[in-house]
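First up is the structure itself, then whatever we jot down about it.
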Amino acid sequence: MKNVSILLLPGDGIGPEAIAELSRVIEWFSSNTDLAFDITTDDLGGAAYERYGTPLADTTLEVAKKVDAIVMGSVGGPQWDNVERHLRPEAGLLTLRKELDLFANLRPATCRAALASASSLKEDLVSGLDIMILRELTAGVYFGEPRGIETLPDGRRRGLDTQVYFEEEIERLLRVGFELAAKRNKKVHSVEKANVMESGVFWREVATRVGKDYPDIELEHMYADNCAMQLVRQPKQFDVIATDNLFGDILSDCAAMLTGSLGMLPSASLGSEIDGKRAALYEPVHGSAPDIAGQGLANPLATVLSFAMCLRYSFNRQSDADLLESAVDHVLAKNIRTTDIAAQGVKPVSTSDMGTALIEALNELSTQNA
Ligand code: NAD
């Protein structure tokens with residue numbers, strides 16, 4: 001028996017609907033494997049604001065720091081648009097990331113076979129696509145000081161942000177990249193703009209030094225603008241793309257669209273390894289989709305696939321992660337789809353029907369494998 005603890009944070013909008021289907025999946029793994037789950041469920045974002053008066057309660061944060069992994073739905077919604085900035089739903093998520101120092105954001109762009117035709121690119125360019133975008137999440141231009149909007153003595157106004165990276169921030173991100181590549185196709189593209197940015201020159205220098213510790217991994221440097229172009233020209237050339245906060249934000253969205261739908265995209269955010277344990281938050285890439293919340297239209301697969309990442313990276317359960325991903329492929333191959341990914345002429349299923357189909361697929365595949 002392997003005991004694992006999870007904090008489930010359903011959040012707002014479609015978050016609770018997706019997490020409800022994930023809970024059935026977790027229940028399946030609890031009944032059919034030797035994993036024993038210790039689950040705590042709590043509020044985050046708007047739901048936490050309503051209950052605790054803050055988007056992340058201290059008691060929630062305390063639990064978050066203790067568990068093996070956190071799995072989140074999504075946060076946000078128009079009803080909290082006028083709340084003070086530090087009390088908005090997104091502030092809860094940002095504080096959580098900051099407090100746990102979740103610096104490495106993993107966003108896989110995997111083209112699931114049954115959805116290859118849903119990509120905006122030609123099918124042969126994306127079929128079999130499997131890229132891991134690794135984005136630095138806690139530093140760079142989104143956090144650098146000075147920042148602000150100011151009026152100079154001569155009366156001119158300006159807005160400014162600062163791109164700044166310490167050596168150790170680049171190094172720890174690159175190390176995660178090389179370690180990921182070692183378990184994948186052994187190639188890292190380190191992406192910056194060393195041609196025009198000093199921080200880019202520095203990034204490249206650190207990446208080159210760190211790369212020497214991983215002689216089996218091929219390291220290639222690429223400018224961010226070229227990377228954007230290559231992602232739509234020949235995406236299968238990439239394995240792991242390691243980059244800063246700003247470029248990672250943009251490139252991961254670009255890569256996401258290669259694979260079809262927002263409702264299919266999982267992510268993980270990892271912290272440093274301390275005493276053999278790494279803080280980890282798993283969440284779908286999509287937001288709380290207030291336009292479809294509460295209608296049974298949400299695609300729960302991005303959340304379910306985020307849990308597959310949790311099985312792989314936090315619990316070291318490769319075969320269970322593979323099984324869950326195969327179950328997703330199995331369901332899609334049967335043309336069981338929610339509205340966002342429905343094939344033409346095929347009636348879409350509801351969020352909970354998708355959950356039921358997944359459980360059936362897990363039963364079917366595990367019997368076949370037995
Ligand atoms: P969104 O991702 O919520 O929705 C964009 C579009 O995609 C909508 O039409 C939505 O219906 C659709 N969509 C998204 N996920 C889907 C799913 N699982 N199944 C089916 N359709 C899906 O982005 P948005 O509308 O820009 O933002 C809505 C709210 O979510 C905002 O408050 C925003 O701040 C928040 N948000 C939160 C996160 C997060 O929790 N990490 C991320 C992005 C946005």
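Ligands are numbered from 1 in the order shown, chains are lettered A, B, ... in the order of the structure tokens, and residues start at 1 in each chain.
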
- For Ile292 in chain A: contacts at 8 Å, only C-alpha atoms, fewer than 5 positions along chain excluded, given as a list in words: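 Those residues are Ile14, Leu297 and Ala298 of chain A.
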
- Which protein, DNA or RNA residues have an atom within 7 Å of ligand 1, counting only C-alpha atoms and all ligand atoms, as JSON, numbers by chain? {"A": [73, 74, 75, 76, 77, 78, 90, 262, 263, 285, 286, 287, 288, 289, 290, 291, 292, 297, 298, 299, 300, 302, 339, 340]}

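Within the 7 Å cut-off around range 239-255 of chain A, using only C-alpha atoms and omitting residues fewer than 6 positions from it on the same chain, the listed residues are Arg107, Ala109, Asp130, Ile131, Met132, Ile133, Leu134, Arg135, Glu136, Leu137, Ala139, Gly140, Val141, Leu174, Gly177, Ala181, Asn185, Lys187, Val188, His189, Ser190, Val191, Glu192, Ala224, Ala228 and Leu231 of chain A.
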
Generate the output file for the selected residues, C-alpha atoms, as a PDB file, in the first residue's frame.
```pdb
ATOM      1  CA  ARG A 107       2.682  22.383 -19.903  1.00  0.00           C
ATOM      2  CA  ALA A 109       1.337  19.879 -25.707  1.00  0.00           C
ATOM      3  CA  ASP A 130       4.497  15.372 -27.713  1.00  0.00           C
ATOM      4  CA  ILE A 131       6.181  18.576 -26.495  1.00  0.00           C
ATOM      5  CA  MET A 132       6.824  19.649 -22.932  1.00  0.00           C
ATOM      6  CA  ILE A 133       6.953  23.398 -22.431  1.00  0.00           C
ATOM      7  CA  LEU A 134       8.736  24.299 -19.235  1.00  0.00           C
ATOM      8  CA  ARG A 135       8.050  27.868 -18.153  1.00  0.00           C
ATOM      9  CA  GLU A 136       9.757  29.680 -15.277  1.00  0.00           C
ATOM     10  CA  LEU A 137       6.894  30.866 -13.108  1.00  0.00           C
ATOM     11  CA  ALA A 139      10.521  35.492 -11.525  1.00  0.00           C
ATOM     12  CA  GLY A 140      11.265  37.512 -14.659  1.00  0.00           C
ATOM     13  CA  VAL A 141       9.386  40.479 -16.000  1.00  0.00           C
ATOM     14  CA  LEU A 174      17.103  24.285 -16.558  1.00  0.00           C
ATOM     15  CA  GLY A 177      14.252  20.659 -18.001  1.00  0.00           C
ATOM     16  CA  ALA A 181      14.277  15.350 -21.109  1.00  0.00           C
ATOM     17  CA  ASN A 185      13.444  12.200 -25.961  1.00  0.00           C
ATOM     18  CA  LYS A 187      16.530  17.091 -26.125  1.00  0.00           C
ATOM     19  CA  VAL A 188      16.228  20.553 -24.527  1.00  0.00           C
ATOM     20  CA  HIS A 189      15.667  23.791 -26.392  1.00  0.00           C
ATOM     21  CA  SER A 190      16.649  26.701 -24.149  1.00  0.00           C
ATOM     22  CA  VAL A 191      14.726  29.708 -25.409  1.00  0.00           C
ATOM     23  CA  GLU A 192      15.512  33.423 -24.867  1.00  0.00           C
ATOM     24  CA  ALA A 224      11.984  33.086 -28.732  1.00  0.00           C
ATOM     25  CA  ALA A 228       7.240  30.679 -32.081  1.00  0.00           C
ATOM     26  CA  LEU A 231       6.244  25.698 -33.309  1.00  0.00           C
TER      27      LEU A 231
END
```

- Excluding same-chain residues fewer than 5 positions from range 201-210 of chain A, what lies within 8 Å of it counting only C-alpha atoms, as a ChimeraX atom specification? /A:167,170-171,174-175,190,192-195,219,221

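For the atom pair formed by CA of Glu62 in chain A and CA of Pro89 in chain A, the distance is 18.3 Å, given to one decimal.
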
- Would you kindly return, as a list in words, each protein, DNA or RNA residue with an atom no farther than 10 Å from any atom of Ser119 in chain A, considering only C-alpha atoms and excluding same-chain residues fewer than 6 positions away? Cys111, Leu125, Val126, Ser127, Ala256, Met257, Leu258, Thr259, Gly260 and Ser261 of chain A

Residue subset to file, keeping C-alpha atoms, as a PDB file, in the first residue's frame:
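Final output, part_17.pdb:
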```pdb
ATOM      1  CA  CYS A 111      -1.754  15.709 -29.726  1.00  0.00           C
ATOM      2  CA  LEU A 125       2.353  18.123 -38.720  1.00  0.00           C
ATOM      3  CA  VAL A 126       0.747  17.428 -35.334  1.00  0.00           C
ATOM      4  CA  SER A 127      -0.160  13.747 -35.232  1.00  0.00           C
ATOM      5  CA  ALA A 256      -1.604  24.567 -26.828  1.00  0.00           C
ATOM      6  CA  MET A 257      -3.512  25.436 -29.935  1.00  0.00           C
ATOM      7  CA  LEU A 258      -1.580  22.826 -31.911  1.00  0.00           C
ATOM      8  CA  THR A 259      -3.450  20.204 -29.957  1.00  0.00           C
ATOM      9  CA  GLY A 260      -7.051  21.292 -30.431  1.00  0.00           C
ATOM     10  CA  SER A 261      -8.970  22.387 -27.368  1.00  0.00           C
TER      11      SER A 261
END
```

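The shell of residues at most 10 Å from Gly45 in chain A, with only C-alpha atoms counted and near chain neighbours (fewer than 6 positions) removed, consists of A:Leu9, A:Pro10, A:Gly11, A:Asp12, A:Thr54, A:Pro55, A:Leu56, A:Ala57, A:Ser74, A:Val75, A:Gly76, A:Gly77, A:Trp80, A:Leu87, A:Arg88, A:Pro89, A:Glu90, A:Ala91, A:Gly92, A:Leu93.
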
With C-alpha atoms retained, export the selected residues as a PDB file, in the first residue's frame.
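Once written, result-v7.pdb looks like this:
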```pdb
ATOM      1  CA  LEU A   9      -9.298  22.750  -4.576  1.00  0.00           C
ATOM      2  CA  PRO A  10     -12.330  22.766  -6.924  1.00  0.00           C
ATOM      3  CA  GLY A  11     -12.467  26.594  -7.058  1.00  0.00           C
ATOM      4  CA  ASP A  12     -15.021  28.458  -9.166  1.00  0.00           C
ATOM      5  CA  THR A  54     -10.001  35.849   1.471  1.00  0.00           C
ATOM      6  CA  PRO A  55      -9.191  33.912  -1.744  1.00  0.00           C
ATOM      7  CA  LEU A  56      -6.672  31.721   0.115  1.00  0.00           C
ATOM      8  CA  ALA A  57      -7.245  31.087   3.817  1.00  0.00           C
ATOM      9  CA  SER A  74     -10.028  26.777 -11.741  1.00  0.00           C
ATOM     10  CA  VAL A  75     -10.661  30.164 -10.185  1.00  0.00           C
ATOM     11  CA  GLY A  76     -12.324  33.419 -11.169  1.00  0.00           C
ATOM     12  CA  GLY A  77     -15.599  34.837 -12.352  1.00  0.00           C
ATOM     13  CA  TRP A  80     -15.548  39.167  -8.206  1.00  0.00           C
ATOM     14  CA  LEU A  87      -8.851  39.746  -2.625  1.00  0.00           C
ATOM     15  CA  ARG A  88      -9.636  38.654  -6.193  1.00  0.00           C
ATOM     16  CA  PRO A  89      -9.775  34.902  -6.929  1.00  0.00           C
ATOM     17  CA  GLU A  90      -6.569  34.993  -9.021  1.00  0.00           C
ATOM     18  CA  ALA A  91      -4.694  36.533  -6.059  1.00  0.00           C
ATOM     19  CA  GLY A  92      -5.372  33.339  -4.092  1.00  0.00           C
ATOM     20  CA  LEU A  93      -3.766  31.224  -6.786  1.00  0.00           C
TER      21      LEU A  93
END
```

- Task: DSSP on the backbone, then: every residue of range 36-183 of chain A marked strand (DSSP E or B), written as a ChimeraX atom specification.
- Result: /A:36-41,69-74,104-110,130-136,144-151,157-162

- Could you check how far CA of Val63 in chain A sits from CA of Gly13 in chain A, in Å to one decimal? 23.0 Å

- Task: Give me the residues within 7 Å of Ala279 in chain A as a ChimeraX atom specification, counting only C-alpha atoms and dropping any in the same chain fewer than 4 places off.
- Result: /A:68-69,100,270-271

- Task: Select, from A:Glu220, A:Pro153, A:Asn82, A:Val232, the residue with the minimum atom-to-atom distance to Leu121 in chain A, counting only C-alpha atoms.
- Result: A:Val232
